[in-house]
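A short write-up of the structure that comes next.
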Amino acid sequence: LDLARAMILSCNGAFAELGNKIGWQALLETGQKFGFNKNFLFADLKINDSKLNLSKGISDLDLGWTAIGQGKTLVTPMHMAMIASSIANDGVMMEPKLLYSVVGRGGSIQKQMEPRPYLTTMTVEDARFMQGIMARVVSEGTGRSANVGGVSVAGKTGTAEVKPTKESAIAPHAWFIGFAPVEDPTLAIAVIVENSGTGGKVAAPIAGKVLRRAKELGY
């Protein structure tokens with residue numbers, strides 16, 4: 001599979017093989033561009049760090065697991081939404097903010113938070129390439145259930161396996177990250193439903209409904 005089909009079909013084997021081909025250093029350097037292993041301390045919120053555990057001497061097996069986003073990799077929903085937004089925003093990750101503005105009793109805006117770039121994650125060309133692939137994930141791949149109508153959605157599904165207990169297996173965490181509308185993005189989203197199943201079946205339709213409603217509300 002080429003990269004596009006591997007994304008569209010969510011093929012773990014392709015990404016594990018690719019991770020071993022490029023090596024741990026290149027994968028780590030790219031992850032750091034997206035904010036992995038970075039302290040997330042912003043003006044009005046603090047986010048737990050996302051961990052990309054890669055170092056010299058890592059086995060091919062562990063490198064493969066890391067390349068598909070599992071193994072010892074740790075992420076937060078906020079960071080995954082930031083990654084989706086950077087792809088939608090032509091490779092520029094903006095600083096997240098909880099506060100948008102402060103409105104006085106008379107209805108006038110007392111303080112307006114200004115947008116501030118945080119990281120450059122990729123080139124414009126690479127971002128546009130990823131935008132096209134993520135749109136295809138929803139139109140023809142594992143994210144089809146995010147296509148609920150009312151807004152065009154691009155995204156990527158994820159199914160994070162959970163270590164079983166001695167008694168039984170545990171259902172995986174269902175993930176979906178994405179953005180909308182595809183043609184002129186204003187919204188980014190990350191959905192995780194713990195111990196629920198696959199991202200395509202569980203998280204994607206939730207994301208689609210949230211994005212459609214946000215579009216209806218004028219966001």
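Labels used: A, B, ... for chains in the order of the structure tokens, numbers from 1 for residues in each chain, and numbers from 1 for ligands as shown.
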Requested in this report: Any chance you could list, as number ranges by chain, the residues in region 4-194 of chain A that come up alpha helix (DSSP H) when DSSP is run on the backbone?
Outcome: A: 4-9, 12-33, 60-67, 77-88, 124-140
Query raised in the report: Which is closer to Ser10 (chain A) than all the others in A:Ala204, A:Val137, A:Leu119, A:Ala160, using only C-alpha atoms?
Result: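 Nearest candidate to Ser10 (chain A) out of A:Ala204, A:Val137, A:Leu119, A:Ala160: A:Val137.
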Query raised in the report: Counting only C-alpha atoms, which of A:Trp24, A:Tyr100, A:Phe40, A:Tyr219 gets nearest to Met82 (chain A)?
Result: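 Selected residue with least distance to Met82 (chain A): A:Phe40.
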**Report entry** Point-to-point distance from CA of Phe176 (chain A) to CA of Val191 (chain A), Å rounded to tenths
**Finding:**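 A separation of 5.2 Å between them.
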Requested in this report: Write out as a list in words each polymer residue whose atoms come within 12 Å of Ala67 (chain A), counting only C-alpha atoms; drop sequence neighbours fewer than 5 positions from it.
Outcome: Cys11, Asn12, Gly13, Ala14, Phe15, Ala16, Glu17, Leu18, Gly19, Asn20, Lys21, Ile22, Gly23, Trp24, Gln25, Ala26, Leu27, Leu28, Thr30, Gly31, Leu52, Asn53, Leu54, Asp60, Leu61, Asp62, Lys72 and Thr73 of chain A
File of the preceding selection, N, CA, C and O atoms, as a JSON list (two decimals), in the first residue's frame:
```json
[["chain", "number", "residue", "atom", "x", "y", "z"],
["A", 11, "CYS", "N", -4.23, 0.89, 7.86],
["A", 11, "CYS", "CA", -3.46, -0.35, 7.83],
["A", 11, "CYS", "C", -2.25, -0.26, 8.76],
["A", 11, "CYS", "O", -1.25, 0.40, 8.44],
["A", 12, "ASN", "N", -2.33, -0.93, 9.90],
["A", 12, "ASN", "CA", -1.24, -0.88, 10.88],
["A", 12, "ASN", "C", 0.08, -1.39, 10.31],
["A", 12, "ASN", "O", 1.14, -0.84, 10.58],
["A", 13, "GLY", "N", 0.02, -2.48, 9.56],
["A", 13, "GLY", "CA", 1.23, -3.09, 9.04],
["A", 13, "GLY", "C", 2.05, -2.14, 8.19],
["A", 13, "GLY", "O", 3.28, -2.12, 8.27],
["A", 14, "ALA", "N", 1.36, -1.35, 7.38],
["A", 14, "ALA", "CA", 2.06, -0.40, 6.50],
["A", 14, "ALA", "C", 2.82, 0.64, 7.31],
["A", 14, "ALA", "O", 3.96, 1.00, 6.99],
["A", 15, "PHE", "N", 2.22, 1.14, 8.38],
["A", 15, "PHE", "CA", 2.87, 2.16, 9.19],
["A", 15, "PHE", "C", 3.99, 1.59, 10.05],
["A", 15, "PHE", "O", 5.00, 2.25, 10.30],
["A", 16, "ALA", "N", 3.82, 0.35, 10.53],
["A", 16, "ALA", "CA", 4.89, -0.30, 11.28],
["A", 16, "ALA", "C", 6.11, -0.49, 10.39],
["A", 16, "ALA", "O", 7.26, -0.23, 10.80],
["A", 17, "GLU", "N", 5.88, -0.91, 9.15],
["A", 17, "GLU", "CA", 6.98, -1.10, 8.20],
["A", 17, "GLU", "C", 7.64, 0.24, 7.87],
["A", 17, "GLU", "O", 8.87, 0.34, 7.82],
["A", 18, "LEU", "N", 6.83, 1.28, 7.67],
["A", 18, "LEU", "CA", 7.36, 2.60, 7.35],
["A", 18, "LEU", "C", 8.18, 3.15, 8.51],
["A", 18, "LEU", "O", 9.24, 3.75, 8.31],
["A", 19, "GLY", "N", 7.71, 2.94, 9.73],
["A", 19, "GLY", "CA", 8.44, 3.40, 10.90],
["A", 19, "GLY", "C", 9.82, 2.78, 11.00],
["A", 19, "GLY", "O", 10.80, 3.46, 11.33],
["A", 20, "ASN", "N", 9.92, 1.50, 10.69],
["A", 20, "ASN", "CA", 11.21, 0.83, 10.72],
["A", 20, "ASN", "C", 12.11, 1.28, 9.57],
["A", 20, "ASN", "O", 13.33, 1.31, 9.69],
["A", 21, "LYS", "N", 11.51, 1.65, 8.46],
["A", 21, "LYS", "CA", 12.31, 2.13, 7.32],
["A", 21, "LYS", "C", 12.94, 3.49, 7.60],
["A", 21, "LYS", "O", 14.10, 3.73, 7.28],
["A", 22, "ILE", "N", 12.18, 4.40, 8.19],
["A", 22, "ILE", "CA", 12.71, 5.75, 8.42],
["A", 22, "ILE", "C", 13.56, 5.82, 9.68],
["A", 22, "ILE", "O", 14.39, 6.72, 9.83],
["A", 23, "GLY", "N", 13.33, 4.90, 10.64],
["A", 23, "GLY", "CA", 14.14, 4.86, 11.85],
["A", 23, "GLY", "C", 13.61, 5.71, 12.99],
["A", 23, "GLY", "O", 12.79, 6.60, 12.79],
["A", 24, "TRP", "N", 14.11, 5.41, 14.18],
["A", 24, "TRP", "CA", 13.59, 6.06, 15.39],
["A", 24, "TRP", "C", 13.89, 7.56, 15.43],
["A", 24, "TRP", "O", 13.07, 8.35, 15.91],
["A", 25, "GLN", "N", 15.07, 7.98, 14.93],
["A", 25, "GLN", "CA", 15.42, 9.39, 15.01],
["A", 25, "GLN", "C", 14.51, 10.27, 14.16],
["A", 25, "GLN", "O", 14.04, 11.32, 14.61],
["A", 26, "ALA", "N", 14.26, 9.85, 12.93],
["A", 26, "ALA", "CA", 13.39, 10.63, 12.04],
["A", 26, "ALA", "C", 11.97, 10.68, 12.58],
["A", 26, "ALA", "O", 11.30, 11.72, 12.52],
["A", 27, "LEU", "N", 11.51, 9.55, 13.14],
["A", 27, "LEU", "CA", 10.15, 9.51, 13.69],
["A", 27, "LEU", "C", 10.06, 10.42, 14.91],
["A", 27, "LEU", "O", 9.07, 11.15, 15.08],
["A", 28, "LEU", "N", 11.08, 10.41, 15.76],
["A", 28, "LEU", "CA", 11.09, 11.26, 16.94],
["A", 28, "LEU", "C", 11.14, 12.73, 16.56],
["A", 28, "LEU", "O", 10.39, 13.56, 17.11],
["A", 30, "THR", "N", 10.12, 14.15, 13.83],
["A", 30, "THR", "CA", 8.83, 14.56, 13.28],
["A", 30, "THR", "C", 7.80, 14.71, 14.38],
["A", 30, "THR", "O", 7.01, 15.67, 14.40],
["A", 31, "GLY", "N", 7.79, 13.76, 15.33],
["A", 31, "GLY", "CA", 6.85, 13.85, 16.45],
["A", 31, "GLY", "C", 7.05, 15.12, 17.26],
["A", 31, "GLY", "O", 6.08, 15.76, 17.69],
["A", 52, "LEU", "N", 6.25, 10.41, 23.34],
["A", 52, "LEU", "CA", 6.69, 9.56, 22.23],
["A", 52, "LEU", "C", 8.00, 8.93, 22.68],
["A", 52, "LEU", "O", 9.05, 9.56, 22.67],
["A", 53, "ASN", "N", 7.91, 7.69, 23.15],
["A", 53, "ASN", "CA", 9.05, 7.01, 23.77],
["A", 53, "ASN", "C", 9.91, 6.34, 22.72],
["A", 53, "ASN", "O", 9.71, 5.18, 22.36],
["A", 54, "LEU", "N", 10.87, 7.09, 22.22],
["A", 54, "LEU", "CA", 11.79, 6.59, 21.20],
["A", 54, "LEU", "C", 13.22, 6.94, 21.60],
["A", 54, "LEU", "O", 13.49, 8.08, 22.00],
["A", 60, "ASP", "N", 12.98, -3.36, 16.73],
["A", 60, "ASP", "CA", 12.11, -3.17, 15.55],
["A", 60, "ASP", "C", 10.65, -3.35, 15.93],
["A", 60, "ASP", "O", 9.78, -2.65, 15.40],
["A", 61, "LEU", "N", 10.38, -4.27, 16.83],
["A", 61, "LEU", "CA", 9.00, -4.53, 17.26],
["A", 61, "LEU", "C", 8.41, -3.30, 17.96],
["A", 61, "LEU", "O", 7.32, -2.84, 17.62],
["A", 62, "ASP", "N", 9.16, -2.75, 18.94],
["A", 62, "ASP", "CA", 8.66, -1.58, 19.67],
["A", 62, "ASP", "C", 8.57, -0.35, 18.76],
["A", 62, "ASP", "O", 7.67, 0.48, 18.92],
["A", 72, "LYS", "N", 4.15, 2.35, 23.89],
["A", 72, "LYS", "CA", 4.24, 3.21, 25.06],
["A", 72, "LYS", "C", 3.85, 4.66, 24.75],
["A", 72, "LYS", "O", 4.08, 5.55, 25.57],
["A", 73, "THR", "N", 3.27, 4.90, 23.60],
["A", 73, "THR", "CA", 2.87, 6.25, 23.21],
["A", 73, "THR", "C", 1.69, 6.73, 24.05],
["A", 73, "THR", "O", 0.73, 6.00, 24.27]]
```
Requested in this report: Quick one: everything within 9 Å of Val153 (chain A), counting only C-alpha atoms, minus sequence neighbours fewer than 6 positions away in the same chain. Send it as a PyMOL selection string.
Outcome: chain A and resi 134-135+138-139+146-147+178-182+208+211-212
Distance query Ile83 (chain A) at most 10 Å, only C-alpha atoms, self and fewer than 2 positions along chain excluded, as a PDB file with N, CA, C and O atoms, in the first residue's frame:
```pdb
ATOM      1  N   PHE A  34       5.375  18.140  16.056  1.00  0.00           N
ATOM      2  CA  PHE A  34       3.941  18.166  16.350  1.00  0.00           C
ATOM      3  C   PHE A  34       3.660  18.355  17.843  1.00  0.00           C
ATOM      4  O   PHE A  34       2.512  18.305  18.264  1.00  0.00           O
ATOM      5  N   GLY A  35       4.713  18.528  18.655  1.00  0.00           N
ATOM      6  CA  GLY A  35       4.506  18.812  20.073  1.00  0.00           C
ATOM      7  C   GLY A  35       4.713  17.659  21.018  1.00  0.00           C
ATOM      8  O   GLY A  35       4.522  17.816  22.237  1.00  0.00           O
ATOM      9  N   PRO A  77      -6.558  13.996  24.308  1.00  0.00           N
ATOM     10  CA  PRO A  77      -7.503  14.449  23.276  1.00  0.00           C
ATOM     11  C   PRO A  77      -7.225  15.873  22.804  1.00  0.00           C
ATOM     12  O   PRO A  77      -7.348  16.168  21.617  1.00  0.00           O
ATOM     13  N   MET A  78      -6.834  16.761  23.720  1.00  0.00           N
ATOM     14  CA  MET A  78      -6.543  18.137  23.317  1.00  0.00           C
ATOM     15  C   MET A  78      -5.386  18.183  22.317  1.00  0.00           C
ATOM     16  O   MET A  78      -5.453  18.873  21.294  1.00  0.00           O
ATOM     17  N   HIS A  79      -4.322  17.446  22.610  1.00  0.00           N
ATOM     18  CA  HIS A  79      -3.184  17.457  21.704  1.00  0.00           C
ATOM     19  C   HIS A  79      -3.565  16.879  20.350  1.00  0.00           C
ATOM     20  O   HIS A  79      -3.130  17.378  19.308  1.00  0.00           O
ATOM     21  N   MET A  80      -4.380  15.833  20.336  1.00  0.00           N
ATOM     22  CA  MET A  80      -4.791  15.243  19.063  1.00  0.00           C
ATOM     23  C   MET A  80      -5.656  16.216  18.264  1.00  0.00           C
ATOM     24  O   MET A  80      -5.569  16.269  17.040  1.00  0.00           O
ATOM     25  N   ALA A  81      -6.475  17.019  18.958  1.00  0.00           N
ATOM     26  CA  ALA A  81      -7.249  18.058  18.259  1.00  0.00           C
ATOM     27  C   ALA A  81      -6.318  19.131  17.700  1.00  0.00           C
ATOM     28  O   ALA A  81      -6.542  19.660  16.608  1.00  0.00           O
ATOM     29  N   SER A  85      -5.909  20.220  13.850  1.00  0.00           N
ATOM     30  CA  SER A  85      -6.064  21.623  13.458  1.00  0.00           C
ATOM     31  C   SER A  85      -4.857  22.116  12.668  1.00  0.00           C
ATOM     32  O   SER A  85      -4.993  22.934  11.763  1.00  0.00           O
ATOM     33  N   SER A  86      -3.660  21.619  13.025  1.00  0.00           N
ATOM     34  CA  SER A  86      -2.460  22.068  12.304  1.00  0.00           C
ATOM     35  C   SER A  86      -2.464  21.581  10.866  1.00  0.00           C
ATOM     36  O   SER A  86      -1.994  22.286   9.967  1.00  0.00           O
ATOM     37  N   ILE A  87      -2.983  20.394  10.648  1.00  0.00           N
ATOM     38  CA  ILE A  87      -3.103  19.894   9.275  1.00  0.00           C
ATOM     39  C   ILE A  87      -4.110  20.742   8.501  1.00  0.00           C
ATOM     40  O   ILE A  87      -3.860  21.156   7.370  1.00  0.00           O
ATOM     41  N   ALA A  88      -5.246  21.033   9.134  1.00  0.00           N
ATOM     42  CA  ALA A  88      -6.274  21.856   8.489  1.00  0.00           C
ATOM     43  C   ALA A  88      -5.782  23.273   8.229  1.00  0.00           C
ATOM     44  O   ALA A  88      -6.209  23.927   7.278  1.00  0.00           O
ATOM     45  N   ASN A  89      -4.852  23.734   9.084  1.00  0.00           N
ATOM     46  CA  ASN A  89      -4.377  25.120   9.029  1.00  0.00           C
ATOM     47  C   ASN A  89      -3.065  25.226   8.249  1.00  0.00           C
ATOM     48  O   ASN A  89      -2.228  26.073   8.536  1.00  0.00           O
ATOM     49  N   GLY A  91      -0.396  23.466   8.182  1.00  0.00           N
ATOM     50  CA  GLY A  91       0.849  23.163   8.875  1.00  0.00           C
ATOM     51  C   GLY A  91       1.171  24.046  10.051  1.00  0.00           C
ATOM     52  O   GLY A  91       2.225  23.880  10.676  1.00  0.00           O
ATOM     53  N   VAL A  92       0.290  24.970  10.415  1.00  0.00           N
ATOM     54  CA  VAL A  92       0.534  25.858  11.558  1.00  0.00           C
ATOM     55  C   VAL A  92      -0.387  25.464  12.716  1.00  0.00           C
ATOM     56  O   VAL A  92      -1.609  25.516  12.585  1.00  0.00           O
ATOM     57  N   MET A  93       0.215  25.041  13.827  1.00  0.00           N
ATOM     58  CA  MET A  93      -0.542  24.714  15.037  1.00  0.00           C
ATOM     59  C   MET A  93      -0.700  25.979  15.871  1.00  0.00           C
ATOM     60  O   MET A  93       0.280  26.638  16.200  1.00  0.00           O
ATOM     61  N   MET A  94      -1.940  26.311  16.191  1.00  0.00           N
ATOM     62  CA  MET A  94      -2.210  27.503  16.989  1.00  0.00           C
ATOM     63  C   MET A  94      -2.237  27.147  18.476  1.00  0.00           C
ATOM     64  O   MET A  94      -2.525  26.022  18.856  1.00  0.00           O
ATOM     65  N   THR A 121       4.252  22.607  12.074  1.00  0.00           N
ATOM     66  CA  THR A 121       4.366  21.147  12.115  1.00  0.00           C
ATOM     67  C   THR A 121       4.830  20.538  10.798  1.00  0.00           C
ATOM     68  O   THR A 121       5.440  19.468  10.789  1.00  0.00           O
ATOM     69  N   ILE A 177      -9.988  11.793  14.962  1.00  0.00           N
ATOM     70  CA  ILE A 177      -9.615  13.201  14.904  1.00  0.00           C
ATOM     71  C   ILE A 177      -9.945  13.718  13.511  1.00  0.00           C
ATOM     72  O   ILE A 177      -9.938  12.960  12.541  1.00  0.00           O
ATOM     73  N   GLY A 178     -10.255  14.998  13.414  1.00  0.00           N
ATOM     74  CA  GLY A 178     -10.604  15.517  12.097  1.00  0.00           C
ATOM     75  C   GLY A 178     -10.859  17.010  12.102  1.00  0.00           C
ATOM     76  O   GLY A 178     -10.642  17.697  13.106  1.00  0.00           O
ATOM     77  N   ALA A 188     -11.887  21.908  14.392  1.00  0.00           N
ATOM     78  CA  ALA A 188     -11.066  20.707  14.568  1.00  0.00           C
ATOM     79  C   ALA A 188     -11.613  19.938  15.764  1.00  0.00           C
ATOM     80  O   ALA A 188     -12.166  20.534  16.698  1.00  0.00           O
ATOM     81  N   ILE A 189     -11.447  18.631  15.748  1.00  0.00           N
ATOM     82  CA  ILE A 189     -12.060  17.816  16.792  1.00  0.00           C
ATOM     83  C   ILE A 189     -11.224  16.581  17.092  1.00  0.00           C
ATOM     84  O   ILE A 189     -10.496  16.082  16.228  1.00  0.00           O
ATOM     85  N   ALA A 190     -11.302  16.122  18.336  1.00  0.00           N
ATOM     86  CA  ALA A 190     -10.774  14.819  18.731  1.00  0.00           C
ATOM     87  C   ALA A 190     -11.813  14.155  19.605  1.00  0.00           C
ATOM     88  O   ALA A 190     -12.311  14.764  20.553  1.00  0.00           O
TER      89      ALA A 190
END
```
Query raised in the report: What's the 9 Å shell around Gln112 (chain A), counting only C-alpha atoms, without same-chain residues fewer than 4 positions away, as a VMD selection string?
Result: chain A and resid 99 to 103
**Report entry** Contacts of Asn37 (chain A) at 8 Å (only C-alpha atoms; same-chain gap of 3+ positions) as a VMD selection string
**Finding:** chain A and resid 32 49 to 52
Write out the residues from the selection above, keeping N, CA and C atoms, as a compact mmCIF listing (two decimals), in the first residue's frame.
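Result file again.txt:
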```txt
# COMPACT_ATOMS: atom_id res chain seq x y z
N GLN A 32 8.31 15.50 17.46
CA GLN A 32 8.60 16.71 18.22
C GLN A 32 8.08 17.96 17.51
N ASP A 49 1.58 16.31 29.13
CA ASP A 49 2.48 16.09 28.01
C ASP A 49 2.09 14.83 27.24
N SER A 50 2.31 14.86 25.94
CA SER A 50 2.18 13.65 25.12
C SER A 50 3.57 13.02 24.99
N LYS A 51 3.65 11.73 25.21
CA LYS A 51 4.93 11.04 25.25
C LYS A 51 5.14 10.17 24.02
N LEU A 52 6.25 10.41 23.34
CA LEU A 52 6.69 9.56 22.23
C LEU A 52 8.00 8.93 22.68
```
Query raised in the report: Looking only at the backbone, which of the residues in region 12-207 of chain A does DSSP tag as strand (DSSP E), as an MDAnalysis selection string?
Result: chainID A and resid 40:41 46:47 92:94 101:103 109:112 117:120 154:162 170:180 187:193
Report summary line: One residue among A:Gly71, A:Pro185, A:Gly64, A:Gly197 is nearest to Gly158 (chain A) when using only C-alpha atoms, and that residue is A:Gly197
**Report entry** Coordinates-based distance that separates CA of Ala6 (chain A) from CA of Gly149 (chain A) (Å, one decimal)
**Finding:** 25.0 Å
Query raised in the report: At what distance in Å, to one decimal, does CA of Ala169 (chain A) lie from CA of Ser196 (chain A)?
Result: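 So the two atoms, CA of Ser196 (chain A) and CA of Ala169 (chain A), lie 12.3 Å apart.
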Query - Residue with smallest distance to Arg213 (chain A) - pool A:Met113, A:Asp2, A:Ser55, A:Val148, counting only C-alpha atoms - result: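 For Arg213 (chain A), the nearest of the candidates is A:Val148.
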Query raised in the report: Which one of A:Gly143, A:Pro117, A:Gly106, A:Gly150 sits closest to Asp90 (chain A) if you count only C-alpha atoms?
Result: A:Pro117
